[in-house]
Number of protein chains: 2
Amino acid sequence: MAVEDSNEVAAPAPRAAGIKDVAAAAGVSLGTVSNVLNRPERVSPKTRTKVEAAMAALGFVRNESARQLRAGHSRVLAYVMLDGRNPFFTDVAAGMEDAAAEDDLSLFVCNSANLAEREAAYLRRLEQQRVQGVLITPVDPDSPALAELARRGTSVVIVDRKRPGTDHCSVAVDDVRGGELAARHLLDQGHTRIAFVGGPLTLGQVRDRREGALRALLAAGLGPDHLVDLATPQLTVEDGSNAGQRLAGLPSATRPTAAFCANDLLALGLLRSCAALGISVPAGLAIVGYDDIDFAAAATVPLTSVRQPRHRLGRTAAELLIQETSDPGHVHQQVTYLPELVVRASTLRTK
Amino acid sequence: MAVEDSNEVAAPAPRAAGIKDVAAAAGVSLGTVSNVLNRPERVSPKTRTKVEAAMAALGFVRNESARQLRAGHSRVLAYVMLDGRNPFFTDVAAGMEDAAAEDDLSLFVCNSANLAEREAAYLRRLEQQRVQGVLITPVDPDSPALAELARRGTSVVIVDRKRPGTDHCSVAVDDVRGGELAARHLLDQGHTRIAFVGGPLTLGQVRDRREGALRALLAAGLGPDHLVDLATPQLTVEDGSNAGQRLAGLPSATRPTAAFCANDLLALGLLRSCAALGISVPAGLAIVGYDDIDFAAAATVPLTSVRQPRHRLGRTAAELLIQETSDPGHVHQQVTYLPELVVRASTLRTK
DNA sequence: CTCCGGGATTGAAAGGTTTCACAAACCTGG
DNA sequence: CCAGGTTTGTGAAACCTTTCAATCCCGGAG
């Protein structure tokens, strides 16, 4: 007897208190506790205080699963990003987080690491969790999995990519325009042979940026052979560095005097290998990056880059998603932002 | 009549199919469907096929909330990181993700952005979600909120920090040792006046690294005045750059010839401002960073840095957490890894 | 032919919250 | 002091899955 009592007292896990326990402790009905939680204005101040005291005393924590179960959907938004190690996406996520926080929603961030399979696994999980909606920068925006997801009722917003159909909202930046800006700037600086560093071309972002560069060349009366492709398997610093080696190996007659990189990671890698190989920047090689991540400005030769409104991109995407899930008369929208060229030392004509 | 029928057909949201609908469609009981899902081996192949066909036909998606409600806990791990924009933490998260994936768990990544308030909000949310456990690099490891959380039954693992008590597991890297390595290296290179760039000192990481540097100086017979403090409000590239301005302003008699930065972001900022101010690195100023993020090696003057096993840090933390939540006889462990100095051009003695 | 054992299947209960129709208590003015 | 209206509080149903004891059915042994 005494033993049992002392066991009770020493019990380490008194099983989390629920709304029912709170009701009992406060001497009110279960429904009233729920009202305190969800519509405090419909409960008298006196009772409310009593209930709140009971909650504090018991260390009550709302059970979100039960809540969701009843509501049919959660208060969680998710972002499936393409590359967790690219600061660009981190910044996009920060923008989403701000918007989500304003509506008292949480943001669940997942990283597909550019792996279609991993992306699919996350989407399955998220659907099972009945997240309120999914923000995604997809490996492949045309994947039927996305359409399926939307068809089954989960709102999906495509980020940093456009999708032809009108099944989803999307927020993107005009990458063709960005490529044009970059290339035109290099042309203005007197370059006529430009390397395009980037890949794989399965990524729409890469395709579009290259396409833009090509257009700028054509507009200047130069043929497509003035764009020298240096394809990379991925968009990492390492790949950029490798591209630099290849570039240096080209015969000087045909070697480009400028390079346009599909993102800043590549550009930073290229910059590094130039330093290692004794090619001065911008005199020996002018370099333009893309995204204008913080490290671009921080590089020792600050990088000229095409800036995207990354924070706004994320914020707008989240806002569209929230709007879609709350407004039944919602119409899908395709928002496109314009990029902007930020000129820094890596392309400044040396006198 | 006809009208109603056609309405039925056109209904856009036929309300997600549940286990019950599947059971009806397959002509079996609800319990059997559950068995197919959870213990397929106890169901005859014939029935199983039938059920699986029904699931596919109805586009059945398991409802995780209901599942959780029954189970009492979810299959989600969460990492509350200190700074989403610092690649170090991103890499730690990647390590966790790998470990989580192996156990078929999801990782929910949140960013406290070094804001105690935001951290608290996330912790509240996560507790409400009944996540299986929380990994956290806390703003303040001694915060009572963490102990509370653990007391109420949520497992907590402290990452990149140690906590005196034994309430939690923790995984950390010996920052004092790291500071020592960095400073000793600079002393070996002949420097005797070393700047310490970093802050705020409320961050244990910063305190410890500074402490280590101090020890190395003392061991070399140099007084604490040989360590020149350049305090920064945060650990960003911008702060590092500002510190550079201040450093350059010091009278040349007392100006340090080397700088040890509390992390790589600061070091990159410092590097940039040196370039802008015409201070050559390492001849004019040797620089050591901390973390060895990818951008450190990618900087145009590759950065000497103290490498932490960041991927392993994350993986181990997640493994400990999983162990803690699955093994009832679990004993809290404090794992400490040793850092390693990676020497690059930013400190190489010129000739 | 009956009985038994064991695998396959079933049905009901449980888990914590929200919602909603309803009951109770209170207040106002006549 | 009462009718009628408003403000508070109540109780039960519903959300979807899992679990587990109970039942069913089948073939084989006696």
# chains A, B, ... in the order shown; residues from 1 in each chain; ligands from 1
>>> calpha_fit_and_write(fixed="chain A", moving="chain B", output="JSON list (two decimals) with C-alpha atoms, in the first residue's frame")
[["chain", "number", "residue", "atom", "x", "y", "z"],
["B", 1, "MET", "CA", -0.06, 0.19, 0.28],
["B", 2, "ALA", "CA", 2.59, 2.62, 1.39],
["B", 3, "VAL", "CA", 4.79, 1.15, -1.24],
["B", 4, "GLU", "CA", 2.27, 1.65, -3.92],
["B", 5, "ASP", "CA", 1.78, 5.22, -2.93],
["B", 6, "SER", "CA", 5.42, 6.04, -3.06],
["B", 7, "ASN", "CA", 5.60, 4.39, -6.45],
["B", 8, "GLU", "CA", 2.84, 6.61, -7.61],
["B", 9, "VAL", "CA", 4.66, 9.66, -6.50],
["B", 10, "ALA", "CA", 7.94, 8.64, -8.08],
["B", 11, "ALA", "CA", 6.28, 7.71, -11.39],
["B", 12, "PRO", "CA", 8.38, 9.45, -13.96],
["B", 13, "ALA", "CA", 5.79, 9.78, -16.72],
["B", 14, "PRO", "CA", 2.35, 10.81, -15.44],
["B", 15, "ARG", "CA", 1.03, 10.72, -19.02],
["B", 16, "ALA", "CA", 0.50, 14.13, -20.47],
["B", 17, "ALA", "CA", -2.59, 15.92, -19.28],
["B", 18, "GLY", "CA", -5.39, 16.31, -21.79],
["B", 19, "ILE", "CA", -8.31, 18.63, -22.07],
["B", 20, "LYS", "CA", -10.28, 16.17, -19.99],
["B", 21, "ASP", "CA", -7.90, 16.36, -17.05],
["B", 22, "VAL", "CA", -7.98, 20.12, -17.20],
["B", 23, "ALA", "CA", -11.76, 20.05, -17.15],
["B", 24, "ALA", "CA", -11.77, 17.80, -14.11],
["B", 25, "ALA", "CA", -9.22, 19.92, -12.30],
["B", 26, "ALA", "CA", -11.12, 23.11, -13.01],
["B", 27, "GLY", "CA", -14.48, 21.56, -12.22],
["B", 28, "VAL", "CA", -15.99, 22.39, -15.58],
["B", 29, "SER", "CA", -16.99, 20.42, -18.61],
["B", 30, "LEU", "CA", -14.73, 19.39, -21.38],
["B", 31, "GLY", "CA", -16.53, 21.61, -23.86],
["B", 32, "THR", "CA", -15.84, 24.65, -21.76],
["B", 33, "VAL", "CA", -12.13, 24.02, -21.75],
["B", 34, "SER", "CA", -12.28, 23.77, -25.50],
["B", 35, "ASN", "CA", -14.10, 27.07, -25.60],
["B", 36, "VAL", "CA", -11.44, 28.72, -23.51],
["B", 37, "LEU", "CA", -8.96, 27.53, -26.08],
["B", 38, "ASN", "CA", -10.88, 28.42, -29.21],
["B", 39, "ARG", "CA", -13.44, 31.08, -28.40],
["B", 40, "PRO", "CA", -12.35, 32.68, -25.15],
["B", 41, "GLU", "CA", -14.92, 35.45, -25.60],
["B", 42, "ARG", "CA", -17.81, 33.07, -25.05],
["B", 43, "VAL", "CA", -16.57, 32.09, -21.65],
["B", 44, "SER", "CA", -17.12, 34.15, -18.54],
["B", 45, "PRO", "CA", -13.94, 35.73, -17.20],
["B", 46, "LYS", "CA", -14.26, 33.87, -13.94],
["B", 47, "THR", "CA", -14.42, 30.44, -15.51],
["B", 48, "ARG", "CA", -11.73, 31.31, -17.95],
["B", 49, "THR", "CA", -9.31, 32.23, -15.19],
["B", 50, "LYS", "CA", -10.12, 29.04, -13.37],
["B", 51, "VAL", "CA", -9.49, 26.97, -16.46],
["B", 52, "GLU", "CA", -6.32, 28.77, -17.34],
["B", 53, "ALA", "CA", -5.01, 28.18, -13.85],
["B", 54, "ALA", "CA", -5.74, 24.48, -14.18],
["B", 55, "MET", "CA", -3.94, 24.34, -17.50],
["B", 56, "ALA", "CA", -0.88, 25.97, -16.07],
["B", 57, "ALA", "CA", -0.90, 23.71, -13.03],
["B", 58, "LEU", "CA", -1.11, 20.57, -15.13],
["B", 59, "GLY", "CA", 1.31, 21.74, -17.79],
["B", 60, "PHE", "CA", -1.33, 21.17, -20.42],
["B", 61, "VAL", "CA", -0.12, 21.09, -24.02],
["B", 62, "ARG", "CA", -2.62, 20.96, -26.83],
["B", 63, "ASN", "CA", -2.51, 17.85, -28.91],
["B", 64, "GLU", "CA", -2.14, 18.97, -32.46],
["B", 65, "SER", "CA", -2.83, 15.55, -33.98],
["B", 66, "ALA", "CA", -6.26, 15.32, -32.46],
["B", 67, "ARG", "CA", -6.94, 18.84, -33.49],
["B", 68, "GLN", "CA", -5.92, 18.15, -37.03],
["B", 69, "LEU", "CA", -7.88, 14.98, -37.17],
["B", 70, "ARG", "CA", -11.00, 16.90, -36.35],
["B", 71, "ALA", "CA", -10.18, 19.82, -38.59],
["B", 72, "GLY", "CA", -9.08, 17.69, -41.52],
["B", 73, "HIS", "CA", -6.00, 19.74, -42.20],
["B", 74, "SER", "CA", -3.01, 21.03, -40.33],
["B", 75, "ARG", "CA", -1.51, 24.41, -39.67],
["B", 76, "VAL", "CA", 1.70, 23.51, -41.40],
["B", 77, "LEU", "CA", 3.09, 24.67, -44.71],
["B", 78, "ALA", "CA", 5.97, 22.83, -46.29],
["B", 79, "TYR", "CA", 8.72, 23.89, -48.63],
["B", 80, "VAL", "CA", 10.51, 21.22, -50.59],
["B", 81, "MET", "CA", 13.65, 22.89, -51.77],
["B", 82, "LEU", "CA", 15.92, 21.91, -54.55],
["B", 83, "ASP", "CA", 19.25, 22.36, -52.84],
["B", 84, "GLY", "CA", 19.61, 22.95, -49.14],
["B", 85, "ARG", "CA", 23.23, 23.89, -49.54],
["B", 86, "ASN", "CA", 22.59, 26.75, -51.89],
["B", 87, "PRO", "CA", 22.02, 29.91, -49.88],
["B", 88, "PHE", "CA", 19.63, 31.14, -52.53],
["B", 89, "PHE", "CA", 17.04, 28.62, -51.43],
["B", 90, "THR", "CA", 17.68, 29.26, -47.79],
["B", 91, "ASP", "CA", 16.82, 32.89, -48.37],
["B", 92, "VAL", "CA", 13.69, 31.97, -50.26],
["B", 93, "ALA", "CA", 12.69, 29.83, -47.31],
["B", 94, "ALA", "CA", 13.26, 32.73, -44.95],
["B", 95, "GLY", "CA", 10.79, 34.80, -46.95],
["B", 96, "MET", "CA", 8.21, 32.06, -46.71],
["B", 97, "GLU", "CA", 8.75, 31.74, -43.02],
["B", 98, "ASP", "CA", 7.97, 35.40, -42.52],
["B", 99, "ALA", "CA", 4.70, 35.12, -44.38],
["B", 100, "ALA", "CA", 3.77, 31.92, -42.59],
["B", 101, "ALA", "CA", 4.52, 33.37, -39.18],
["B", 102, "GLU", "CA", 2.14, 36.24, -39.84],
["B", 103, "ASP", "CA", -0.69, 33.78, -40.24],
["B", 104, "ASP", "CA", 0.42, 31.70, -37.32],
["B", 105, "LEU", "CA", 1.44, 28.83, -39.53],
["B", 106, "SER", "CA", 4.58, 26.72, -39.29],
["B", 107, "LEU", "CA", 6.91, 26.08, -42.16],
["B", 108, "PHE", "CA", 8.34, 22.60, -42.57],
["B", 109, "VAL", "CA", 11.47, 22.74, -44.71],
["B", 110, "CYS", "CA", 12.63, 19.68, -46.66],
["B", 111, "ASN", "CA", 15.55, 19.30, -48.98],
["B", 112, "SER", "CA", 15.24, 17.17, -52.06],
["B", 113, "ALA", "CA", 18.91, 17.70, -52.89],
["B", 114, "ASN", "CA", 17.94, 17.57, -56.56],
["B", 115, "LEU", "CA", 16.98, 13.91, -56.19],
["B", 116, "ALA", "CA", 13.66, 13.07, -57.79],
["B", 117, "GLU", "CA", 13.28, 10.06, -55.56],
["B", 118, "ARG", "CA", 13.85, 11.98, -52.39],
["B", 119, "GLU", "CA", 11.47, 14.64, -53.54],
["B", 120, "ALA", "CA", 8.81, 12.03, -54.14],
["B", 121, "ALA", "CA", 9.35, 10.55, -50.70],
["B", 122, "TYR", "CA", 8.91, 13.92, -49.07],
["B", 123, "LEU", "CA", 5.77, 14.62, -51.04],
["B", 124, "ARG", "CA", 4.30, 11.33, -49.90],
["B", 125, "ARG", "CA", 5.09, 12.16, -46.30],
["B", 126, "LEU", "CA", 3.68, 15.61, -46.54],
["B", 127, "GLU", "CA", 0.48, 14.38, -48.06],
["B", 128, "GLN", "CA", 0.11, 11.86, -45.27],
["B", 129, "GLN", "CA", 0.59, 14.65, -42.77],
["B", 130, "ARG", "CA", -2.23, 16.51, -44.50],
["B", 131, "VAL", "CA", -0.16, 19.66, -44.62],
["B", 132, "GLN", "CA", -2.15, 22.68, -45.53],
["B", 133, "GLY", "CA", -0.15, 23.17, -48.68],
["B", 134, "VAL", "CA", 3.14, 22.51, -50.38],
["B", 135, "LEU", "CA", 5.60, 25.00, -51.76],
["B", 136, "ILE", "CA", 8.07, 23.37, -54.05],
["B", 137, "THR", "CA", 10.97, 24.06, -56.33],
["B", 138, "PRO", "CA", 10.68, 20.82, -58.22],
["B", 139, "VAL", "CA", 13.36, 18.74, -59.81],
["B", 140, "ASP", "CA", 10.99, 18.48, -62.73],
["B", 141, "PRO", "CA", 8.04, 20.87, -62.81],
["B", 142, "ASP", "CA", 6.23, 18.69, -65.31],
["B", 143, "SER", "CA", 6.25, 15.65, -63.09],
["B", 144, "PRO", "CA", 2.81, 14.09, -62.94],
["B", 145, "ALA", "CA", 3.26, 13.59, -59.20],
["B", 146, "LEU", "CA", 2.64, 17.28, -58.63],
["B", 147, "ALA", "CA", -0.55, 17.31, -60.64],
["B", 148, "GLU", "CA", -1.71, 14.20, -58.80],
["B", 149, "LEU", "CA", -1.06, 15.81, -55.47],
["B", 150, "ALA", "CA", -3.08, 18.84, -56.44],
["B", 151, "ARG", "CA", -5.86, 16.69, -57.84],
["B", 152, "ARG", "CA", -6.18, 14.90, -54.53],
["B", 153, "GLY", "CA", -6.71, 18.19, -52.80],
["B", 154, "THR", "CA", -3.35, 19.44, -51.53],
["B", 155, "SER", "CA", -2.59, 22.94, -52.70],
["B", 156, "VAL", "CA", 0.70, 23.23, -54.48],
["B", 157, "VAL", "CA", 2.63, 26.34, -55.39],
["B", 158, "ILE", "CA", 5.57, 26.09, -57.74],
["B", 159, "VAL", "CA", 8.49, 28.25, -56.72],
["B", 160, "ASP", "CA", 11.19, 29.60, -59.01],
["B", 161, "ARG", "CA", 9.68, 27.80, -61.96],
["B", 162, "LYS", "CA", 6.67, 28.15, -64.16],
["B", 163, "ARG", "CA", 4.37, 25.38, -65.14],
["B", 164, "PRO", "CA", 2.54, 25.62, -68.41],
["B", 165, "GLY", "CA", -0.88, 24.44, -67.23],
["B", 166, "THR", "CA", -2.93, 26.34, -64.72],
["B", 167, "ASP", "CA", -3.20, 23.66, -62.09],
["B", 168, "HIS", "CA", -1.15, 25.59, -59.60],
["B", 169, "CYS", "CA", -0.03, 29.03, -58.65],
["B", 170, "SER", "CA", 3.57, 29.74, -59.38],
["B", 171, "VAL", "CA", 6.11, 32.38, -58.58],
["B", 172, "ALA", "CA", 9.14, 32.72, -60.73],
["B", 173, "VAL", "CA", 11.77, 35.12, -61.92],
["B", 174, "ASP", "CA", 12.27, 35.68, -65.61],
["B", 175, "ASP", "CA", 15.41, 33.66, -66.14],
["B", 176, "VAL", "CA", 15.59, 34.34, -69.84],
["B", 177, "ARG", "CA", 15.67, 38.01, -69.07],
["B", 178, "GLY", "CA", 18.32, 37.41, -66.44],
["B", 179, "GLY", "CA", 20.50, 35.60, -68.93],
["B", 180, "GLU", "CA", 20.04, 38.43, -71.35],
["B", 181, "LEU", "CA", 21.05, 41.03, -68.78],
["B", 182, "ALA", "CA", 24.17, 39.13, -67.92],
["B", 183, "ALA", "CA", 25.28, 38.57, -71.50],
["B", 184, "ARG", "CA", 24.44, 42.05, -72.64],
["B", 185, "HIS", "CA", 26.51, 43.46, -69.84],
["B", 186, "LEU", "CA", 29.47, 41.37, -70.93],
["B", 187, "LEU", "CA", 28.98, 42.44, -74.55],
["B", 188, "ASP", "CA", 28.87, 46.07, -73.40],
["B", 189, "GLN", "CA", 32.22, 45.51, -71.75],
["B", 190, "GLY", "CA", 33.60, 44.53, -75.12],
["B", 191, "HIS", "CA", 33.60, 40.76, -74.82],
["B", 192, "THR", "CA", 32.59, 38.79, -77.88],
["B", 193, "ARG", "CA", 33.31, 35.23, -76.84],
["B", 194, "ILE", "CA", 31.44, 34.20, -73.77],
["B", 195, "ALA", "CA", 31.50, 30.93, -71.89],
["B", 196, "PHE", "CA", 28.28, 29.58, -70.45],
["B", 197, "VAL", "CA", 29.03, 27.53, -67.37],
["B", 198, "GLY", "CA", 26.19, 25.40, -66.08],
["B", 199, "GLY", "CA", 24.16, 22.26, -66.19],
["B", 200, "PRO", "CA", 22.37, 19.98, -66.31],
["B", 201, "LEU", "CA", 20.13, 21.32, -69.02],
["B", 202, "THR", "CA", 17.29, 19.32, -67.57],
["B", 203, "LEU", "CA", 16.96, 22.14, -65.07],
["B", 204, "GLY", "CA", 14.71, 24.79, -66.55],
["B", 205, "GLN", "CA", 16.58, 27.53, -64.72],
["B", 206, "VAL", "CA", 19.77, 26.58, -66.52],
["B", 207, "ARG", "CA", 18.09, 26.24, -69.89],
["B", 208, "ASP", "CA", 16.42, 29.62, -69.64],
["B", 209, "ARG", "CA", 19.47, 31.50, -68.50],
["B", 210, "ARG", "CA", 21.45, 30.06, -71.36],
["B", 211, "GLU", "CA", 18.67, 30.89, -73.76],
["B", 212, "GLY", "CA", 18.69, 34.50, -72.58],
["B", 213, "ALA", "CA", 22.41, 34.77, -73.12],
["B", 214, "LEU", "CA", 22.00, 33.40, -76.59],
["B", 215, "ARG", "CA", 19.38, 35.98, -77.41],
["B", 216, "ALA", "CA", 21.61, 38.79, -76.27],
["B", 217, "LEU", "CA", 24.34, 37.53, -78.56],
["B", 218, "LEU", "CA", 22.01, 37.29, -81.50],
["B", 219, "ALA", "CA", 20.67, 40.74, -80.82],
["B", 220, "ALA", "CA", 24.23, 41.98, -80.98],
["B", 221, "GLY", "CA", 24.69, 40.29, -84.32],
["B", 222, "LEU", "CA", 26.86, 37.49, -83.00],
["B", 223, "GLY", "CA", 26.22, 33.86, -83.92],
["B", 224, "PRO", "CA", 25.56, 31.08, -81.42],
["B", 225, "ASP", "CA", 29.16, 29.91, -81.80],
["B", 226, "HIS", "CA", 30.16, 32.92, -79.74],
["B", 227, "LEU", "CA", 28.64, 31.19, -76.75],
["B", 228, "VAL", "CA", 31.02, 28.49, -75.56],
["B", 229, "ASP", "CA", 29.33, 25.80, -73.51],
["B", 230, "LEU", "CA", 31.07, 24.46, -70.44],
["B", 231, "ALA", "CA", 28.57, 21.94, -69.20],
["B", 232, "THR", "CA", 28.60, 20.96, -65.54],
["B", 233, "PRO", "CA", 26.88, 18.01, -63.94],
["B", 234, "GLN", "CA", 25.57, 20.07, -61.06],
["B", 235, "LEU", "CA", 25.58, 23.62, -59.80],
["B", 236, "THR", "CA", 28.17, 23.37, -57.06],
["B", 237, "VAL", "CA", 31.36, 25.21, -56.22],
["B", 238, "GLU", "CA", 33.30, 22.12, -57.13],
["B", 239, "ASP", "CA", 31.77, 21.94, -60.58],
["B", 240, "GLY", "CA", 32.61, 25.57, -61.17],
["B", 241, "SER", "CA", 36.18, 24.92, -60.24],
["B", 242, "ASN", "CA", 36.41, 22.01, -62.65],
["B", 243, "ALA", "CA", 34.96, 24.13, -65.40],
["B", 244, "GLY", "CA", 37.76, 26.59, -64.74],
["B", 245, "GLN", "CA", 40.35, 23.92, -65.42],
["B", 246, "ARG", "CA", 38.71, 23.08, -68.70],
["B", 247, "LEU", "CA", 38.45, 26.70, -69.66],
["B", 248, "ALA", "CA", 42.13, 27.25, -69.02],
["B", 249, "GLY", "CA", 42.89, 24.30, -71.25],
["B", 250, "LEU", "CA", 41.28, 25.85, -74.30],
["B", 251, "PRO", "CA", 43.60, 27.23, -76.97],
["B", 252, "SER", "CA", 44.00, 30.92, -76.39],
["B", 253, "ALA", "CA", 42.64, 31.72, -79.84],
["B", 254, "THR", "CA", 39.24, 30.36, -78.98],
["B", 255, "ARG", "CA", 39.27, 30.91, -75.27],
["B", 256, "PRO", "CA", 36.40, 33.10, -74.09],
["B", 257, "THR", "CA", 37.30, 36.30, -72.30],
["B", 258, "ALA", "CA", 34.21, 36.20, -70.14],
["B", 259, "ALA", "CA", 32.08, 33.63, -68.42],
["B", 260, "PHE", "CA", 28.43, 33.64, -67.45],
["B", 261, "CYS", "CA", 27.72, 31.09, -64.73],
["B", 262, "ALA", "CA", 24.28, 29.62, -64.14],
["B", 263, "ASN", "CA", 24.58, 30.35, -60.46],
["B", 264, "ASP", "CA", 26.89, 31.92, -57.92],
["B", 265, "LEU", "CA", 28.24, 28.68, -56.56],
["B", 266, "LEU", "CA", 29.66, 27.88, -59.96],
["B", 267, "ALA", "CA", 30.97, 31.40, -60.28],
["B", 268, "LEU", "CA", 32.76, 31.17, -56.94],
["B", 269, "GLY", "CA", 34.32, 27.88, -57.95],
["B", 270, "LEU", "CA", 35.39, 29.34, -61.23],
["B", 271, "LEU", "CA", 36.84, 32.35, -59.46],
["B", 272, "ARG", "CA", 38.84, 30.10, -57.20],
["B", 273, "SER", "CA", 40.32, 28.06, -59.98],
["B", 274, "CYS", "CA", 41.22, 31.22, -61.84],
["B", 275, "ALA", "CA", 43.18, 32.36, -58.84],
["B", 276, "ALA", "CA", 44.88, 29.00, -58.63],
["B", 277, "LEU", "CA", 45.72, 29.04, -62.33],
["B", 278, "GLY", "CA", 46.97, 32.60, -62.32],
["B", 279, "ILE", "CA", 44.18, 33.99, -64.45],
["B", 280, "SER", "CA", 43.34, 37.43, -63.14],
["B", 281, "VAL", "CA", 39.74, 38.48, -62.78],
["B", 282, "PRO", "CA", 38.40, 40.48, -64.53],
["B", 283, "ALA", "CA", 41.41, 41.26, -66.73],
["B", 284, "GLY", "CA", 42.00, 37.66, -67.81],
["B", 285, "LEU", "CA", 38.44, 36.53, -67.44],
["B", 286, "ALA", "CA", 35.32, 38.49, -66.56],
["B", 287, "ILE", "CA", 32.79, 36.55, -64.53],
["B", 288, "VAL", "CA", 29.07, 37.00, -64.00],
["B", 289, "GLY", "CA", 27.18, 34.84, -61.56],
["B", 290, "TYR", "CA", 23.51, 34.37, -60.87],
["B", 291, "ASP", "CA", 21.39, 34.74, -57.70],
["B", 292, "ASP", "CA", 23.51, 37.32, -55.93],
["B", 293, "ILE", "CA", 23.83, 35.28, -52.78],
["B", 294, "ASP", "CA", 25.62, 36.99, -49.92],
["B", 295, "PHE", "CA", 28.83, 35.19, -50.65],
["B", 296, "ALA", "CA", 28.93, 36.75, -54.10],
["B", 297, "ALA", "CA", 29.50, 40.20, -52.68],
["B", 298, "ALA", "CA", 31.81, 38.71, -50.08],
["B", 299, "ALA", "CA", 34.17, 37.06, -52.53],
["B", 300, "THR", "CA", 37.56, 38.62, -52.62],
["B", 301, "VAL", "CA", 36.87, 39.75, -56.12],
["B", 302, "PRO", "CA", 33.28, 40.74, -55.57],
["B", 303, "LEU", "CA", 31.10, 39.07, -58.10],
["B", 304, "THR", "CA", 28.87, 40.70, -60.64],
["B", 305, "SER", "CA", 25.66, 38.77, -60.43],
["B", 306, "VAL", "CA", 22.03, 38.70, -61.50],
["B", 307, "ARG", "CA", 19.99, 39.41, -58.44],
["B", 308, "GLN", "CA", 16.69, 37.73, -57.86],
["B", 309, "PRO", "CA", 14.26, 39.03, -55.28],
["B", 310, "ARG", "CA", 14.70, 35.83, -53.34],
["B", 311, "HIS", "CA", 13.11, 36.89, -50.10],
["B", 312, "ARG", "CA", 10.12, 38.30, -51.93],
["B", 313, "LEU", "CA", 9.91, 35.21, -54.07],
["B", 314, "GLY", "CA", 9.44, 33.11, -50.97],
["B", 315, "ARG", "CA", 7.09, 35.51, -49.30],
["B", 316, "THR", "CA", 4.85, 35.83, -52.33],
["B", 317, "ALA", "CA", 4.76, 32.09, -52.84],
["B", 318, "ALA", "CA", 3.67, 31.53, -49.26],
["B", 319, "GLU", "CA", 1.09, 34.28, -49.51],
["B", 320, "LEU", "CA", -0.39, 32.74, -52.63],
["B", 321, "LEU", "CA", -0.54, 29.40, -50.94],
["B", 322, "ILE", "CA", -2.26, 30.80, -47.89],
["B", 323, "GLN", "CA", -4.69, 32.62, -50.10],
["B", 324, "GLU", "CA", -5.41, 29.50, -52.06],
["B", 325, "THR", "CA", -6.15, 27.46, -48.98],
["B", 326, "SER", "CA", -8.36, 30.04, -47.35],
["B", 327, "ASP", "CA", -10.30, 31.53, -50.24],
["B", 328, "PRO", "CA", -12.63, 29.09, -51.97],
["B", 329, "GLY", "CA", -12.99, 31.34, -54.99],
["B", 330, "HIS", "CA", -9.27, 31.34, -55.53],
["B", 331, "VAL", "CA", -7.93, 31.59, -59.08],
["B", 332, "HIS", "CA", -4.45, 30.30, -59.79],
["B", 333, "GLN", "CA", -1.92, 32.98, -60.59],
["B", 334, "GLN", "CA", 1.43, 32.97, -62.25],
["B", 335, "VAL", "CA", 3.63, 35.69, -60.81],
["B", 336, "THR", "CA", 6.86, 36.59, -62.53],
["B", 337, "TYR", "CA", 9.45, 38.93, -61.15],
["B", 338, "LEU", "CA", 12.19, 40.65, -63.06],
["B", 339, "PRO", "CA", 15.81, 40.09, -62.16],
["B", 340, "GLU", "CA", 18.33, 42.86, -61.85],
["B", 341, "LEU", "CA", 22.00, 43.03, -62.69],
["B", 342, "VAL", "CA", 24.38, 43.95, -59.89],
["B", 343, "VAL", "CA", 27.71, 45.03, -61.26],
["B", 344, "ARG", "CA", 30.81, 44.49, -59.17],
["B", 345, "ALA", "CA", 34.52, 44.11, -59.65],
["B", 346, "SER", "CA", 34.49, 40.75, -61.40],
["B", 347, "THR", "CA", 33.44, 42.37, -64.67],
["B", 348, "LEU", "CA", 34.66, 45.92, -64.37],
["B", 349, "ARG", "CA", 36.73, 46.83, -67.37],
["B", 350, "THR", "CA", 40.28, 47.26, -66.16],
["B", 351, "LYS", "CA", 40.86, 50.86, -66.92]]
>>> residues_around(residues="DT23 (chain D)", least_positions_apart="2", cutoff="12 Å", atoms="only C-alpha atoms (C1' of nucleotides)", output="list in words")
DA8, DT9, DT10 and DG11 of chain C; DA21 and DC25 of chain D
>>> atom_distance(atom1="C1' of DC4 (chain C)", atom2="C1' of DG28 (chain D)")
9.2 Å
>>> select_by_dssp(residues="region 146-325 of chain B", states="strand (DSSP E or B)", output="ChimeraX atom specification")
/B:155-159,169-173,194-198,227-231,258-261,286-291,304-307
>>> interface_residues(of="chain D", to="chain A", cutoff="7 Å", atoms="only C-alpha atoms (C1' of nucleotides)", output="number ranges by chain")
D: 8-10, 15
>>> atom_distance(atom1="C1' of DC20 (chain C)", atom2="C1' of DC16 (chain D)")
20.5 Å
>>> residues_around(residues="DG30 (chain C)", least_positions_apart="5", cutoff="12 Å", atoms="only C-alpha atoms (C1' of nucleotides)", output="PyMOL selection string")
chain D and resi 1-4
>>> select_by_dssp(residues="region 201-232 of chain B", states="alpha helix (DSSP H)", output="list in words")
Gly204, Gln205, Val206, Arg207, Asp208, Arg209, Arg210, Glu211, Gly212, Ala213, Leu214, Arg215, Ala216, Leu217, Leu218 and Ala219 of chain B
